[in-house]
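Q: The structure follows.
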Amino acid sequence: MKSRILSIVLGLGVAFSLMLLASRAAMFHLPGNHQDYEPVQPIAYSHRLHAGELQMQCQYCHFGAESSRHAGIPPANVCMNCHRTVTAPLGAVRAEDELAQKEKRAPRPVVSAELRKLYDAVESGRPVAWTRVHSLPDFVYFDHRAHVNASVACQQCHGPVETMERVRQVSDLSMGWCVNCHREANRTGIAGRRVNASTNCSTCHY
Amino acid sequence: MEKHYWRSLAECENRGELAAAAEPEFAESPAREIEAGPSRRGFLKAAGFALAGGALAGCSRAPGEKAIPYAAQPEGLVAGRAQYYASTCGACTAGCGLLAKVRDGRPIKLEGNREQAISRGATCAAGQASILGLYDSYRLKQPLAGGKPATWEGVDRAVLEKMERIRAGGGAVRYLSETVTSPAKQAAIDRFLAQFRDARHVMYDAVSASAILDAHERTHGARVLPHYRFERADVIAAFDADFLGTWISPVEFARDYAARRMPPNMSWHVQFEGRLSLTGSKADRRIRTAPGEIAGRLAQLAAFIESNGAGGDDLAARLLQARGRSLVVCGVNDLDAQLWTNYINHLLGNYGATLDIERASLQRRGSDRDLADLLAELKQGQVAALFIDAVNPVADLPGVAGLDRIGLFVSFAGSVDETAERAHYICPDHHYLESWADAEPVAGLVSLTQPAIRPLGSTRAAIETLAAWSGHPAKAYDLIREYWKDRFDWDRALEAGFAEVPRTHAAAPRWIGRKPAPPAAATPGYAVDVYAAVGMPGGRHAYNPFLHELPDPITKTTWDNCALLSPAAAASLGVGDGDILRIEAGAAIEVPLLVQPGQHDQVVSVALGYGRKASERFANLGPRWINHKPTINANGRVGANAAPLLAFEHGLLRYQRGGAVVAKTGRRIELALTQTHHTLSVPKHLAPAGGEVRPIVREIAPAELGKPEHAETHEELWPDDHPYNGHRWGMAVDLNACNGCSACVIACQVENNTPVVGKDEVRRRREMHWIRIDRYYSGPPEDVRVAHQPMMCQQCDHAPCETVCPTLATVHSDEGLNQQIYNRCVGTRYCANNCPYKARRFNWFDYPREDRLANLLLNPDVTVRSRGVMEKCTFCVQRIQEAKIEARRNGAPVRDGEIHTACEQACPAGAIVFGDLNDPSSRVSRLAHDARQYRVLDELNVRPSVHYLKIVRDEKQQGEKHHG
């Protein structure tokens with residue numbers, strides 16, 4: 001009798017858990033697969049604004065992509081090229097201007113809370129610790145320059161970053177995904193040019 | 001008759017049936033490992049955790065890795081791109097030019113500087129390993145006062161105060177250093193000492209060349225060390241000078257020597273020595289000579305030359321024929337022998353030709369006489385202040401006493417060594433990769449050192465410390481720039497790493513010598529011979545696990561220094577390998593015996609530089625498992641210090657002395673020898689049917705040069721469906737050039753993140769080196785010939801390892817590489833069992849990488865392998881990939897010579913050539929079609945991509961012939 005109650009309780013428990021988890025089933029990934037990973041960053045930097053609206057080139061900030069294996073996260077002094085003068089969103093600056101006009105005083109400098117963090121980093125010399133989004137295992141050696149110089153578009157792997165408010169990992173970055181693309185590129189070429197995208201193991205693993 | 005090669009004496013006596021060859025690939029059965037493994041309970045616990053962990057990992061969405069850019073990125077730096085800084089090696093005083101490879105702010109590899117005359121692109125094993133010293137966590141991070149951490153201001157104040165008192169009292173001030181090759185530092189020392197009335201700078205070298213300098217003072221009126229030019233010598237006679245291994249400037253000499261050993265026009269080289277040295281192993285003729293007989297032999301040779309060859313031997317005749325193109329060198333620190341050497345070189349007209357004393361070498365300037373005087377002063381308590389810089393006299397020298405009676409004792413040591421621990425103040429100097437420095441290894445050649453990294457601790461360059469104490473504080477950079485002011489274009493020199501300046505000597509010193517007096521007769525009995533080992537050229541490297549684990553190129557010992565005795569001498573004492581002997585010559589030391597073929601019967605040799613305090617740290621080295629045994633000996637250190645056997649005699653430090661007593665102690669230890677590990681030979685009954693077993697090493701007589709062997713054809717088991725359309729990587733190894741110096745082994749280890757496993761694991765045949773130098777003997781044990789053969793993965797076209805891998809973790813690439821994919825490997829070890837070259841290494845453990853500082857040395861371009869994974873030489877595929885991607889980026893094909901594997905890059909003899917076999921004009925293609933070319937174990941038809949070139953050797957010329 002006792003064991004039967006126990007079984008029912010357990011069964012109900014399992015069913016309940018399954019129900020709860022069912023909605024998240026689509027989000028289940030195998031270990032190591034971080035597709036759809038979208039971490040909160042220390043500064044709410046918007047790629048949609050910079051790369052989308054303002055149409056900045058990816059490699060203006062990620063300048064390593066052409067010459068190094070790492071595309072690199074831009075150092076704070078690269079941000080400062082623009083943000084020395086741009087200290088807040090245009091709307092906020094205009095609002096302050098209007099307010100100042102209304103109150104008949106000189107407009108006060110407006111510094112957004114997010115950019116404040118950048119200025120703090122530059123002033124203190126303590127860099128911003130971004131959370132890495134795209135991360136490959138240690139036994140994989142991906143090289144940005146090989147891909148960039150073969151005219152592979154950044155979006156091919158990173159997705160439409162120019163539409164993302166916060167960067168999300170779009171591809172699963174699995175080996176099958178890499179190799180399929182390499183095979184496809186060998187068949188069709190990239191941007192009308194023939195390429196030699198090697199599928200040797202030692203192209204990436206050493 | 002077929003030549004018989006053997007690697008150990010047991011093998012030699014066991015002709016035909018090779019005992020070692022029958023051993024399995026792995027020394028121990030896996031059953032023993034399992035026994036030592038966890039209990040059932042432990043297993044269940046772990047399994048439970050693993051399940052839970054796996055479930056959690058599946059849920060986890062955040063790797064939580066940080067990406068931290070610079071706040072302000074330095075100009076020219078791109079994350080992930082290596083930068084190279086021209087520098088100068090500080091591992092010894094030879095002054096080889098270096099390029100320090102710096103990745104993301106940390107130096108990770110040293111490469112020779114091709115443009116610089118001493119290095120010409122190569123390095124030695126110790127130089128390669130010296131980068132680990134930068135990340136040595138035992139290095140001092142701040143000055144010490146009375147053994148306690150102090151500040152620089154505090155130390156400066158205290159030292160200056162004491163100095164003031166000594167200056168007032170007129171006490172004796174002594175500055176003891178090794179040879180100072182830096183002119184700017186020499187000037188700083190002189191300035192510093194000028195403050196005192198009684199001040200003297202004493203230099204000594206742990207391996208002294210004082211006798212050579214003293215002899216030239218007598219014969220040429222100037223205390224100079226000739227710049228030896230081996231590339232100009234047709235005939236070389238070396239008397240106990242290991243110039244390819246350790247003597248003065250081995251990288252330079254090895255390169256010059258190898259340049260003249262390219263067949264068919266080869267130089268001719270005779271070696272007289274008691275111990276089988278690296279140099280002796282390459283000689284055309286090697287004559288076993290006890291140290292006491294060297295001077296006599298030289299005098300005899302001089303007599304033959306004086307009489308124009310009358311009654312003389314082959315050597316005298318050849319030397320006379322090659323007047324001005326011959327070279328006689330002597331490494332014995334004995335004035336008589338050196339005077340005779342100078343006399344012979346003078347008779348032969350070699351001065352100004354093969355010995356340059358106009359632009360002399362400055363690599364050794366130490367004076368043993370000054371040193372002996374200083375030690376006497378110390379003993380009598382006459383020294384008020386002693387400054388010690390870059391030397392460790394307590395461990396290097398016999399009979400250092402009276403250190404407690406010094407008023408002010410300051411050491412500039414980077415870590416607390418035997419001498420520094422007794423100093424009042426330790427003012428740690430930078431590691432050379434952190435500092436600005438200059439060096440003038442040869443008169444007129446200024447080699448610069450620039451920092452490749454900011455100092456890791458609060459250390460200060462000795463030159464800055466001296467400047468601060470001379471009343472003119474300045475930065476090292478300013479001091480050096482100030483010294484060289486307008487002598488050369490600084491920026492260009494910094495980029496190149498060196499500059500040429502007009503030589504400082506006004507005119508070449510001329511011969512003013514006379515015929516030396518006949519040498520004294522040798523002392524009968526055993527002669528003790530203390531030598532510098534190739535892998536441990538001095539005690540300053542005793543902290544370095546890479547060098548301790550490097551098998552000595554001749555003895556194949558690791559983690560120990562041994563007493564070397566000839567087979568006959570060992571038999572007469574009734575002892576064998578590992579028996580601890582007591583050697584008495586003035587003082588006594590106890591070291592294990594190694595029976596060394598080729599050793600003189602009356603000579604016992606012991607390597608110096610062992611038994612140091614710095615090696616105490618290795619107590620816990622290696623994987624800590626249940627059967628773990630410590631790497632250190634009973635004395636708590638690695639090896640035993642041989643310094644007590646040295647003695648001063650006529651103002652010279654004698655490394656070789658007669659009248660030694662050798663006795664057995666009855667105790668024994670198990671040595672960690674690698675000589676029979678990874679044996680290639682196959683016992684006759686296991687040889688493939690119908691296929692003859694050919695020697696692994698092949699030699700050719702000079703007369704047979706140019707006659708290619710008829711090409712062999714093999715029946716193919718595999719379809720020829722692997723076209724190599726693009727590149728096809730291959731390698732050529734010239735065995736005639738290779739001298740076994742093992743620079744490649746360490747270069748490979750640093751480049752490829754190969755772990756150090758410790759003495760006990762070496763005993764279990766689990767050393768991890770991807771490239772090894774197999775040393776083969778041939779001939780009778782008392783008078784052996786030696787062949788060195790670098791052996792690494794042969795990247796076979798028909799690789800036996802590939803066909804047996806159940807997980808396809810090792811497969812072939814379309815560029816001819818035999819790829820090893822760590823993340824696919826499950827560790828069946830079938831591949832290693834099936835590898836005929838025994839080139840695969842298995843990770844038995846997760847080798848401890850707990851020293852976070854030392855981990856900064858890891859090459860970020862190579863995976864750190866984990867437990868249970870097979871690994872092997874990859875032909876430095878990370879370098880191939882880098883070059884290919886860069887070439888594509890620049891829109892140009894990869895040119896021959898653009899890719900250098902780490903081993904090739906380091907090789908002083910130029911014995912290793914890597915390249916594209918599909919390119920008919922590449923160097924490796926030409927060598928692959930050379931008449932001397934052969935492939936090891938060709939009869940197996942695995943089609944290796946590594947081509948070896950035969951050794952050229954005239955058997956008839958060899959053997960011990962008696963003079964007269």
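All residue names refer to the structure tokens as shown: chains lettered A, B, ... in order, residues numbered from 1 in each chain, ligands numbered from 1 in order.
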Can you tell me, as a PyMOL selection string, what residues are no more than 8 Å from Cys562 in chain B when counting only C-alpha atoms, ignoring any on the same chain fewer than 3 positions away?
A: chain B and resi 591-594+605-607+639
Q: Residues of chain B were defined as contacting chain A if any atom lay at most 8 Å from it, counting only C-alpha atoms; please report them as a PyMOL selection string.
A: chain B and resi 54+57-62+64-73+78-81+813-814+819-823+861-863+874+877-878+881+885+888-889
Q: Using CA of Gly740 in chain B and CA of Pro553 in chain B as the two end points, give the distance in Å to one decimal.
A: 5.7 Å
Q: So, with only C-alpha atoms as the atoms that count, which of B:Val942, B:Ala283, B:Phe875, B:Ala732 lies closest to Thr803 in chain B?
A: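 Ranking B:Val942, B:Ala283, B:Phe875, B:Ala732 by distance to Thr803 in chain B, first place goes to B:Val942.
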Q: Rank B:Gly897, B:Gly366, B:Gly127, B:Gly525 by their smallest atom-to-atom distance to Leu213 in chain B, using only C-alpha atoms, and report the top residue only.
A: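 Nearest to Leu213 in chain B: B:Gly366.
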Q: Counting only C-alpha atoms, what is within 8 Å of Asn544 in chain B, bar same-chain residues fewer than 5 positions away, as a list in words?
A: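 The residues that qualify are Ala129, Ser130, Leu132 and Gly133 of chain B.
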Q: Got time to write the residues from that selection, C-alpha atoms, as a tab-separated table (two decimals), in the first residue's frame?
A:
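So result-v1.tsv came out as:
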```
chain	number	residue	atom	x	y	z
B	129	ALA	CA	65.16	26.25	-22.26
B	130	SER	CA	66.24	29.53	-20.68
B	132	LEU	CA	61.40	29.06	-18.67
B	133	GLY	CA	63.60	31.02	-16.26
```
Q: Identify all residues of range 406-477 of chain B in strand (DSSP E or B) (DSSP on the backbone) and supply them as a PyMOL selection string.
A: chain B and resi 408-411+425-426+437-442+445-449
Q: If you keep N, CA and C atoms, can you produce a file of those selected residues as a PDB file, in the first residue's frame?
A:
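Generated file (part27.pdb):
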```
ATOM      1  N   LEU B 408      80.045  43.714   4.476  1.00  0.00           N
ATOM      2  CA  LEU B 408      78.879  43.983   3.633  1.00  0.00           C
ATOM      3  C   LEU B 408      78.885  42.976   2.498  1.00  0.00           C
ATOM      4  N   PHE B 409      77.872  42.141   2.472  1.00  0.00           N
ATOM      5  CA  PHE B 409      77.824  41.064   1.495  1.00  0.00           C
ATOM      6  C   PHE B 409      76.520  41.220   0.702  1.00  0.00           C
ATOM      7  N   VAL B 410      76.673  41.570  -0.571  1.00  0.00           N
ATOM      8  CA  VAL B 410      75.510  41.840  -1.409  1.00  0.00           C
ATOM      9  C   VAL B 410      75.513  40.886  -2.595  1.00  0.00           C
ATOM     10  N   SER B 411      74.348  40.337  -2.890  1.00  0.00           N
ATOM     11  CA  SER B 411      74.227  39.460  -4.058  1.00  0.00           C
ATOM     12  C   SER B 411      73.208  40.045  -5.021  1.00  0.00           C
ATOM     13  N   TYR B 425      72.302  41.314   1.778  1.00  0.00           N
ATOM     14  CA  TYR B 425      71.272  41.905   0.936  1.00  0.00           C
ATOM     15  C   TYR B 425      71.245  41.157  -0.389  1.00  0.00           C
ATOM     16  N   ILE B 426      70.058  40.869  -0.847  1.00  0.00           N
ATOM     17  CA  ILE B 426      69.928  40.343  -2.206  1.00  0.00           C
ATOM     18  C   ILE B 426      69.163  41.376  -3.020  1.00  0.00           C
ATOM     19  N   ALA B 437      70.072  45.469 -22.215  1.00  0.00           N
ATOM     20  CA  ALA B 437      71.472  45.123 -22.005  1.00  0.00           C
ATOM     21  C   ALA B 437      72.199  45.146 -23.338  1.00  0.00           C
ATOM     22  N   ASP B 438      73.503  45.076 -23.262  1.00  0.00           N
ATOM     23  CA  ASP B 438      74.316  44.958 -24.460  1.00  0.00           C
ATOM     24  C   ASP B 438      75.347  43.875 -24.211  1.00  0.00           C
ATOM     25  N   ALA B 439      75.946  43.375 -25.257  1.00  0.00           N
ATOM     26  CA  ALA B 439      76.994  42.372 -25.112  1.00  0.00           C
ATOM     27  C   ALA B 439      77.938  42.521 -26.292  1.00  0.00           C
ATOM     28  N   GLU B 440      79.199  42.281 -26.010  1.00  0.00           N
ATOM     29  CA  GLU B 440      80.175  42.274 -27.099  1.00  0.00           C
ATOM     30  C   GLU B 440      80.872  40.929 -27.046  1.00  0.00           C
ATOM     31  N   PRO B 441      80.254  39.896 -27.631  1.00  0.00           N
ATOM     32  CA  PRO B 441      80.836  38.554 -27.502  1.00  0.00           C
ATOM     33  C   PRO B 441      82.151  38.421 -28.261  1.00  0.00           C
ATOM     34  N   VAL B 442      82.259  39.125 -29.378  1.00  0.00           N
ATOM     35  CA  VAL B 442      83.488  39.116 -30.158  1.00  0.00           C
ATOM     36  C   VAL B 442      83.802  40.583 -30.430  1.00  0.00           C
ATOM     37  N   LEU B 445      81.550  43.248 -32.395  1.00  0.00           N
ATOM     38  CA  LEU B 445      80.150  42.859 -32.592  1.00  0.00           C
ATOM     39  C   LEU B 445      79.370  43.211 -31.324  1.00  0.00           C
ATOM     40  N   VAL B 446      78.494  44.184 -31.440  1.00  0.00           N
ATOM     41  CA  VAL B 446      77.688  44.579 -30.283  1.00  0.00           C
ATOM     42  C   VAL B 446      76.296  44.007 -30.462  1.00  0.00           C
ATOM     43  N   SER B 447      75.902  43.167 -29.544  1.00  0.00           N
ATOM     44  CA  SER B 447      74.604  42.525 -29.612  1.00  0.00           C
ATOM     45  C   SER B 447      73.721  43.131 -28.526  1.00  0.00           C
ATOM     46  N   LEU B 448      72.535  43.554 -28.893  1.00  0.00           N
ATOM     47  CA  LEU B 448      71.684  44.268 -27.943  1.00  0.00           C
ATOM     48  C   LEU B 448      70.592  43.363 -27.385  1.00  0.00           C
ATOM     49  N   THR B 449      70.197  43.660 -26.168  1.00  0.00           N
ATOM     50  CA  THR B 449      69.092  42.960 -25.518  1.00  0.00           C
ATOM     51  C   THR B 449      68.020  43.987 -25.219  1.00  0.00           C
TER      52      THR B 449
END
```
Q: So which residues touch Val195 in chain A within 8 Å, counting only C-alpha atoms, skipping near sequence neighbours fewer than 5 positions away, as a list in words?
A: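 So, after excluding close chain neighbours, the residues are Ala150, Ala185, Asn186, Gly189 and Ile190 of chain A.
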Q: Give the answer as one residue: which of B:Ser249, B:Asn736, B:Asn859, B:Thr465 has the shortest atom-to-atom distance to Lys185 in chain B, using only C-alpha atoms?
A: B:Thr465
Q: Give me, please, the distance in Å between CA of Val804 in chain B and CA of Arg765 in chain B, quoted to one decimal.
A: 22.5 Å
